[in-house]
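Okay, so here's the structure we're looking at.
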Amino acid sequence: MLAILAQSADATVFLPPARSTIAGAHDGLYHFVFWMSVFFTALIAGLLVYFCIKYHRKSHHEVPDGPTHSTAIELGWTLPPLILVLVIFTWGFRGFMNMNQAPNGAYQVLVHATKWNWAFTYAGGENDSELHVPVNTPISLVLTSGDVIHSFYVPVFRVKKDVVPGRYNKAWFQATEVGTYDLFCAEYCGTSHSQMKTKVVVETMEDWLKHVEERGRWWDGKKPAEVGAEVHAQKGCKTCHSLDGTRGTGPSWKDVFGSERKFTSGDPVVADENYIRDSILNPGHHVVEGFDNVMPTFQGSIKDPEITGVIEFLKSISANYKGLVLEEPMTATGLPGTDETETKE
Amino acid sequence: MSSEHGHDNHPPHLAHHFETPKQQFESGKLGMWVFLATEILMFGGLFCAYSIYRGNHQDVFLYGYGALNKYWGATNTVVLLASSLTMAWGVRAAQKGQQKLLLAMLIATFMGGVGFMCIKTIEYKAKWDHGLFPGTMNAFYYKNGAPAYPDKIEHAIAYIDAHNTGGHAPAHGGEHLADAHAEAPAHDEHAAPEAASEASEAHAETAEGHTAVIIPAAFGAPADVSLIPHPAVTTETGLLDTAIDNAGVTVLPHAGHTQRVWASLSPEEQGKVHIFFAIYFLMTGLHGLHVLIGMAVILWLIIKAAKGTFGKEYFTPVDIGGLYWHLVDLIWIFLFPLLYLIH
Amino acid sequence: MSVIHDPVKAGIHGGQAPGGTNYINNSKGILSWLLTVDHKRIGLMYMVCVLGAFLLGGSFAIMLRTMLFIRAASETPISEGAQNMYNQAFTLHGAILVFMFIIPAVPAILGNMVLPLMLGAKDVAFPRLNLLSWYCWVGGAIFFMFVLINGGLDTGWTFYTPYSSSTTTAATTATMGAFILGFSSILTGLNFIATIHMLRPPGMGWFQMPLFLWALYATSVIQVLATPVLAITLLLLMAERILHVGIFDPALGGDPVLFQHFFWFYSHPAVYIMVLPAMGIISELMSTFCRRHIFGYSFIAFSSVAIALLGFLVWGHHMFTSGQSAMTNAVFSLITFSVAIPSAIKVFNWLATMYKGSIWLATPMLYALAFIWLFTIGGLTGVFLGALSLDIMAHDTYFVVAHFHYVMVGSMLTAFIGGMYYWWPKMFGKMYSEPVAKVAWFLIFFGFNLTFFIQFIAGSKGMPRRYADFVPEYAIYHEISTIGSYVLASGLFLVLFNWIHSLKYGRKAPQNPWGANTLEWHTSSPPPTENFVEDPPVSEPYVLGAWEYDASIEGFVHNKEKAAKLAQMSHH
């Protein structure tokens, strides 16, 4: 145990790399408390061992006689810890205030958490499943939840804030180095809590601007089914819906399109374009038999071209669908390359 | 056994592990006081929930309390206070060894409990008839920012708004209405499926109940409300603006009104009216349960007293049972003004 | 009624009760147990049940650590079924161990067993209420067993809304179970308060009370004042789940953070329900095994009360990241730090008791030493978490997991086992095997630190808690931790084996094997049903000189003349 303690001079033994402006202050206090703890632990453990050896009982007939109380000594060991904790409190509070208040003019990103998926929206309305931010720029986050409590956590930034439904919580950070880092959900939120993770990508301002611009029309030039496959992978669909027929929290996507769907209530329906669209935007309307009504709505966090992509993707992986799958690449507006807007049925 | 306190010397009611009747009496009493402390903390949780919701949604409470009948509440307060008096009298009778008086007082206290529960039942019945039971049973139940029962809510709104505006008619006018609802529920109980006809019926009934003016907006409001998007379902970039709008909503001035009408509530507050009823029922329901437990205790005391168990030397159960009954009374003394009177 | 009136003689003859009857063997049959009002028998019934719950909750711990080990070694993505199983395992691990083991363990087992004995009383103030509290425990436990066979539970032991109000698992049943278990706790607390107030013998003022009783008293105050708030919170949660009243569910207009406030208003003080009686045991062990008057009696006594009171004011430190105002956070942080002071006072006073003592490293003492080491680490890592900026980073990570396991398991469990060893001879009249006990101690101490110290590092590195899956860089910490948990479990099984073995094969225990002077050592081992044949001599609990070692019985014998002399000296 002491061997591990001894290595602590190297910050990387205990802490992840520091990649935000507030991380330094955090790590400073961490190390202060750490070494204070090492000191007290060593002192107490040392005394324990020393006393056990020095005053080891040789005979049960011993009746030792030592001091039983001393107010001076009590005060002597009460005051130093008191002063220490007051110092630590003040230090921690100042650090917290810096973490808490975003500087004026910080760039704002909306973070919407649902079971078990992160969705980020940049100022222009561009959606993203990874958080892309420019380096050396203060970023302020507005956090909302669509269902239960989640928590936004990026260890390398030393940032954490609960995402509470019905509230707008705020957090901020300023990344100091280009790179890709882990982003976790830190508040337990149900079955796939541990899968609710994504990446923070810190880029140069140029790369970032390019990325955001692309996110506004990311489907441009891609085949609709490819767009659908990416939506599945990036918008959290894959957390619950498999592609190989395995049962998850929700039904698998394999062979759905064109099949007859039975529901917990209401008449069965053959899965067509409208059914798919409705299931994405109003998941509670039709709950497939044998499953729970747990899917959040994607209203507002999915664009029409993306839905079109999902529909074509579903067609491409369904044995129940005999028609053609749209092959023409999509344009920036989301329309397929030809002027046709309807699929060939 | 050591000779000082062998079993044979013990008075009949002294448990073996106590030295003296006084020690036993004081232990029992201390135990009861500690128990009362736990009761107060348990209700404290509910009072805390009450203050937080009241503090955050003042107008919801001012609106919802329009459904409560303060005259029945006041009557119940008197009934319970009187029963507390008879209980205290009974304890004194027990201490003095007046067996008959003790029995009479215990029965009187028990009857007070019966009276309280009867009146409470009448009040609950009135809520039931107008769909104001808690949770999913409540006509004001909102789910994800929209009324869950668009048909039932209009009837309930008419009922409460009639009370609230009625408050400005001659003082007894509104209360007559409440009584009419409480005592003749069959009149509007059939829960017509068509919202419109039900609303108009309620309208008509209100109009005949007294002369107060009905605010037409009250009837138009729910339809409009359901069109207003709730911030929780808005996930577009407009979200922030909505949030600011909501935060910035100022409550309409009420020109001397101390109570609120439905249309004056913000959409967000309208969605919280059912929580008022949840809190009302949880608080009065838990209190009612305590009254019932208290009545069971008193019934047990009555049986014991009838057998002549208590006397000058032994009256601990009467004393301790009395403490419990006073607590039940005390909690009501807080519940009544908080729920029925403050506005 | 009695044959021998001299408890000293009774002690010489193997410490058996007069006529060979004691509270265990004086009546037979299952009903004589189920209807007993004897505090010692109720303590034993609690012991059997609570240790059963410990075994169950502990197996869930082994199960989840094993799942994490497999996860660390595996390349394929984790299945949904495995995630669900993991979530259920950590929830049931936490809920069962917190509500059914840690909270009742010391007060309900050891407290019931020795509190009246330490007061020289025949029983607690309300013996029937005491039995009722045991039945409440059993009732709550039945609900939890029902949860196990009927849908499980995946909310975490904290039942956070709105997840808990929407999950399809048996959360309502579990909530009802915890509600009933709460009554068991309240009744025990109420009983102890009345007993300590009313049944102290003549000559025992508040400051002649053993420190274990001060600790139990402070604990009882928390049990009585905090548990009702948990009760109402759980009732509201049930109302939320059954009626959808909307007080906590934001979809219905409620406030989910309000639930957290209510929950932690109980559950933070509950941490002190766990650790305060443990500290009380340590005070007894320190004095006895150093054969010294405890150092700073009144400081230790008042620090128990201070911790109990301050413990009520710090619940908000569980919500530093919830979005509550900076001012609220600052106030809760400051008060949290103030709890560090009385805790530090206790540790320093125990150390000072060792100074110039005559230290006997018997098994209970080894546990007391382990307690001081583990509690020091648990307490100091609490300083990290009290500091606002550090808590933001560490909240809901393995750092927190490690911290509260050091405090709740490391400290509380070692004190509990130490106390069990200490009072085992009194409870059953048998001595356990000392060498086996020492091996088990080493396994527990080593295994515990291996399991949990590494989690501080994992947490500081950012590993979130309640994760069935993790990124590969955390794998090594999980592997080490799991190996540690196996060592810990093997140590615990060895303890259990040693106890059970001693009942049949252990040597007969003397009346006072340790030389302590609290009143339970003034009666036979095990005591008669009414505890004492004669009223025991009340004296300063930590003046030990009147007890002389007698090698023939391997125990200590009370010398009345010396006792009288010592009493005179202390009156001086």
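Residues are referred to by chain and number: the chain letter is A, B, ... according to the order shown in the structure tokens, the number counts from 1 in that chain, and ligands are numbered separately from 1 in the order shown.
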
**Asked** Which residues, written as number ranges by chain, have at least one atom at most 8 Å from Gly228 (chain A), with only C-alpha atoms counted and residues fewer than 5 positions away on the same chain left out?
**Response** A: 306-314

I need the contact residues of chain A against chain B, so if you could list those with any atom within 7 Å, counting only C-alpha atoms, and return them as a short mmCIF file (atom, residue, chain, number, x, y, z; two decimals) with C-alpha atoms, in the first residue's frame, that would help.
data_model
loop_
_atom_site.label_atom_id
_atom_site.label_comp_id
_atom_site.auth_asym_id
_atom_site.auth_seq_id
_atom_site.Cartn_x
_atom_site.Cartn_y
_atom_site.Cartn_z
CA GLY A 125 -29.02 23.64 -35.11
CA GLY A 166 -37.40 19.39 -15.98
CA GLY A 300 -36.33 17.65 -32.70
CA SER A 301 -33.16 15.62 -32.53
#

**Request:** Just the strand (DSSP E) stuff from region 109-344 of chain A, please, per backbone DSSP, written as JSON, numbers by chain.
**Result:** {"A": [109, 110, 111, 112, 113, 114, 117, 118, 119, 120, 121, 127, 128, 131, 132, 133, 134, 138, 139, 140, 141, 142, 143, 144, 145, 150, 151, 152, 153, 154, 159, 160, 161, 162, 163, 169, 170, 171, 172, 173, 174, 179, 180, 181, 182, 183, 184, 185, 197, 198, 199, 200, 201, 202, 203, 260, 261, 269, 270]}

**Request:** Show me which bits of chain C are within 6 Å of chain A, counting only C-alpha atoms, as a PyMOL selection string.
**Result:** chain C and resi 84+162-163+250+295-296+321-323+356-360+380+387-389+392-393+396+457+460-462+464+467-469

Deliver the residues from the most recent selection as a file, using N, CA and C atoms, as an mmCIF file, in the first residue's frame.
data_model
loop_
_atom_site.group_PDB
_atom_site.id
_atom_site.type_symbol
_atom_site.label_atom_id
_atom_site.label_comp_id
_atom_site.auth_asym_id
_atom_site.auth_seq_id
_atom_site.Cartn_x
_atom_site.Cartn_y
_atom_site.Cartn_z
ATOM 1 N N ASN C 84 -28.013 -6.052 -17.339
ATOM 2 C CA ASN C 84 -29.151 -6.071 -16.434
ATOM 3 C C ASN C 84 -28.829 -6.851 -15.160
ATOM 4 N N PRO C 162 -36.355 10.074 -11.281
ATOM 5 C CA PRO C 162 -37.558 9.368 -11.714
ATOM 6 C C PRO C 162 -37.280 7.944 -12.194
ATOM 7 N N TYR C 163 -36.020 7.491 -12.104
ATOM 8 C CA TYR C 163 -35.788 6.121 -12.571
ATOM 9 C C TYR C 163 -36.583 5.129 -11.722
ATOM 10 N N PRO C 250 -40.730 14.476 -12.835
ATOM 11 C CA PRO C 250 -40.792 15.723 -13.602
ATOM 12 C C PRO C 250 -41.788 15.652 -14.758
ATOM 13 N N PHE C 295 -8.380 7.269 27.293
ATOM 14 C CA PHE C 295 -7.895 8.647 27.346
ATOM 15 C C PHE C 295 -8.981 9.589 26.824
ATOM 16 N N GLY C 296 -9.245 10.671 27.560
ATOM 17 C CA GLY C 296 -10.176 11.701 27.102
ATOM 18 C C GLY C 296 -11.608 11.219 27.021
ATOM 19 N N THR C 321 -23.294 18.036 -7.493
ATOM 20 C CA THR C 321 -23.350 18.153 -8.951
ATOM 21 C C THR C 321 -24.784 18.236 -9.470
ATOM 22 N N SER C 322 -25.766 18.301 -8.559
ATOM 23 C CA SER C 322 -27.162 18.226 -9.020
ATOM 24 C C SER C 322 -27.654 19.535 -9.592
ATOM 25 N N GLY C 323 -26.886 20.601 -9.414
ATOM 26 C CA GLY C 323 -27.323 21.893 -9.912
ATOM 27 C C GLY C 323 -27.885 22.776 -8.806
ATOM 28 N N LYS C 356 1.800 4.207 26.705
ATOM 29 C CA LYS C 356 2.119 3.692 28.041
ATOM 30 C C LYS C 356 1.130 2.632 28.527
ATOM 31 N N GLY C 357 0.451 1.979 27.583
ATOM 32 C CA GLY C 357 -0.472 0.923 27.983
ATOM 33 C C GLY C 357 0.244 -0.403 28.109
ATOM 34 N N SER C 358 -0.557 -1.466 28.283
ATOM 35 C CA SER C 358 -0.015 -2.814 28.285
ATOM 36 C C SER C 358 -0.795 -3.553 27.210
ATOM 37 N N ILE C 359 -0.241 -3.486 25.981
ATOM 38 C CA ILE C 359 -1.055 -3.838 24.813
ATOM 39 C C ILE C 359 -1.047 -5.339 24.560
ATOM 40 N N TRP C 360 -2.258 -5.897 24.587
ATOM 41 C CA TRP C 360 -2.450 -7.332 24.363
ATOM 42 C C TRP C 360 -3.056 -7.482 22.970
ATOM 43 N N LEU C 380 -9.958 10.427 5.827
ATOM 44 C CA LEU C 380 -9.149 11.387 5.064
ATOM 45 C C LEU C 380 -9.623 11.489 3.617
ATOM 46 N N ALA C 387 -14.326 18.730 -0.132
ATOM 47 C CA ALA C 387 -13.868 19.896 -0.882
ATOM 48 C C ALA C 387 -14.654 19.981 -2.191
ATOM 49 N N LEU C 388 -15.318 21.122 -2.391
ATOM 50 C CA LEU C 388 -16.263 21.222 -3.508
ATOM 51 C C LEU C 388 -15.659 20.855 -4.849
ATOM 52 N N SER C 389 -14.516 21.463 -5.187
ATOM 53 C CA SER C 389 -14.004 21.245 -6.548
ATOM 54 C C SER C 389 -13.568 19.793 -6.736
ATOM 55 N N ILE C 392 -16.650 17.444 -7.315
ATOM 56 C CA ILE C 392 -17.224 17.487 -8.665
ATOM 57 C C ILE C 392 -16.590 16.388 -9.516
ATOM 58 N N MET C 393 -15.288 16.269 -9.387
ATOM 59 C CA MET C 393 -14.565 15.265 -10.166
ATOM 60 C C MET C 393 -14.838 13.846 -9.645
ATOM 61 N N ASP C 396 -19.796 10.140 -7.830
ATOM 62 C CA ASP C 396 -20.275 9.025 -8.651
ATOM 63 C C ASP C 396 -19.170 8.281 -9.392
ATOM 64 N N ILE C 457 -7.770 4.735 -6.868
ATOM 65 C CA ILE C 457 -7.025 5.110 -8.075
ATOM 66 C C ILE C 457 -7.950 5.061 -9.282
ATOM 67 N N SER C 460 -10.162 8.102 -9.123
ATOM 68 C CA SER C 460 -9.454 9.345 -9.445
ATOM 69 C C SER C 460 -9.187 9.432 -10.939
ATOM 70 N N LYS C 461 -8.984 8.272 -11.533
ATOM 71 C CA LYS C 461 -8.753 8.239 -12.978
ATOM 72 C C LYS C 461 -10.032 8.466 -13.769
ATOM 73 N N GLY C 462 -11.170 8.421 -13.106
ATOM 74 C CA GLY C 462 -12.420 8.749 -13.787
ATOM 75 C C GLY C 462 -13.368 7.589 -14.016
ATOM 76 N N PRO C 464 -16.473 5.699 -13.664
ATOM 77 C CA PRO C 464 -17.761 5.944 -13.003
ATOM 78 C C PRO C 464 -18.248 4.686 -12.284
ATOM 79 N N TYR C 467 -21.099 0.760 -13.220
ATOM 80 C CA TYR C 467 -20.855 0.480 -14.632
ATOM 81 C C TYR C 467 -20.623 -1.012 -14.837
ATOM 82 N N ALA C 468 -21.456 -1.635 -15.651
ATOM 83 C CA ALA C 468 -21.256 -3.041 -15.983
ATOM 84 C C ALA C 468 -20.104 -3.186 -16.972
ATOM 85 N N ASP C 469 -19.802 -2.094 -17.653
ATOM 86 C CA ASP C 469 -18.812 -2.122 -18.726
ATOM 87 C C ASP C 469 -17.861 -0.945 -18.511
#
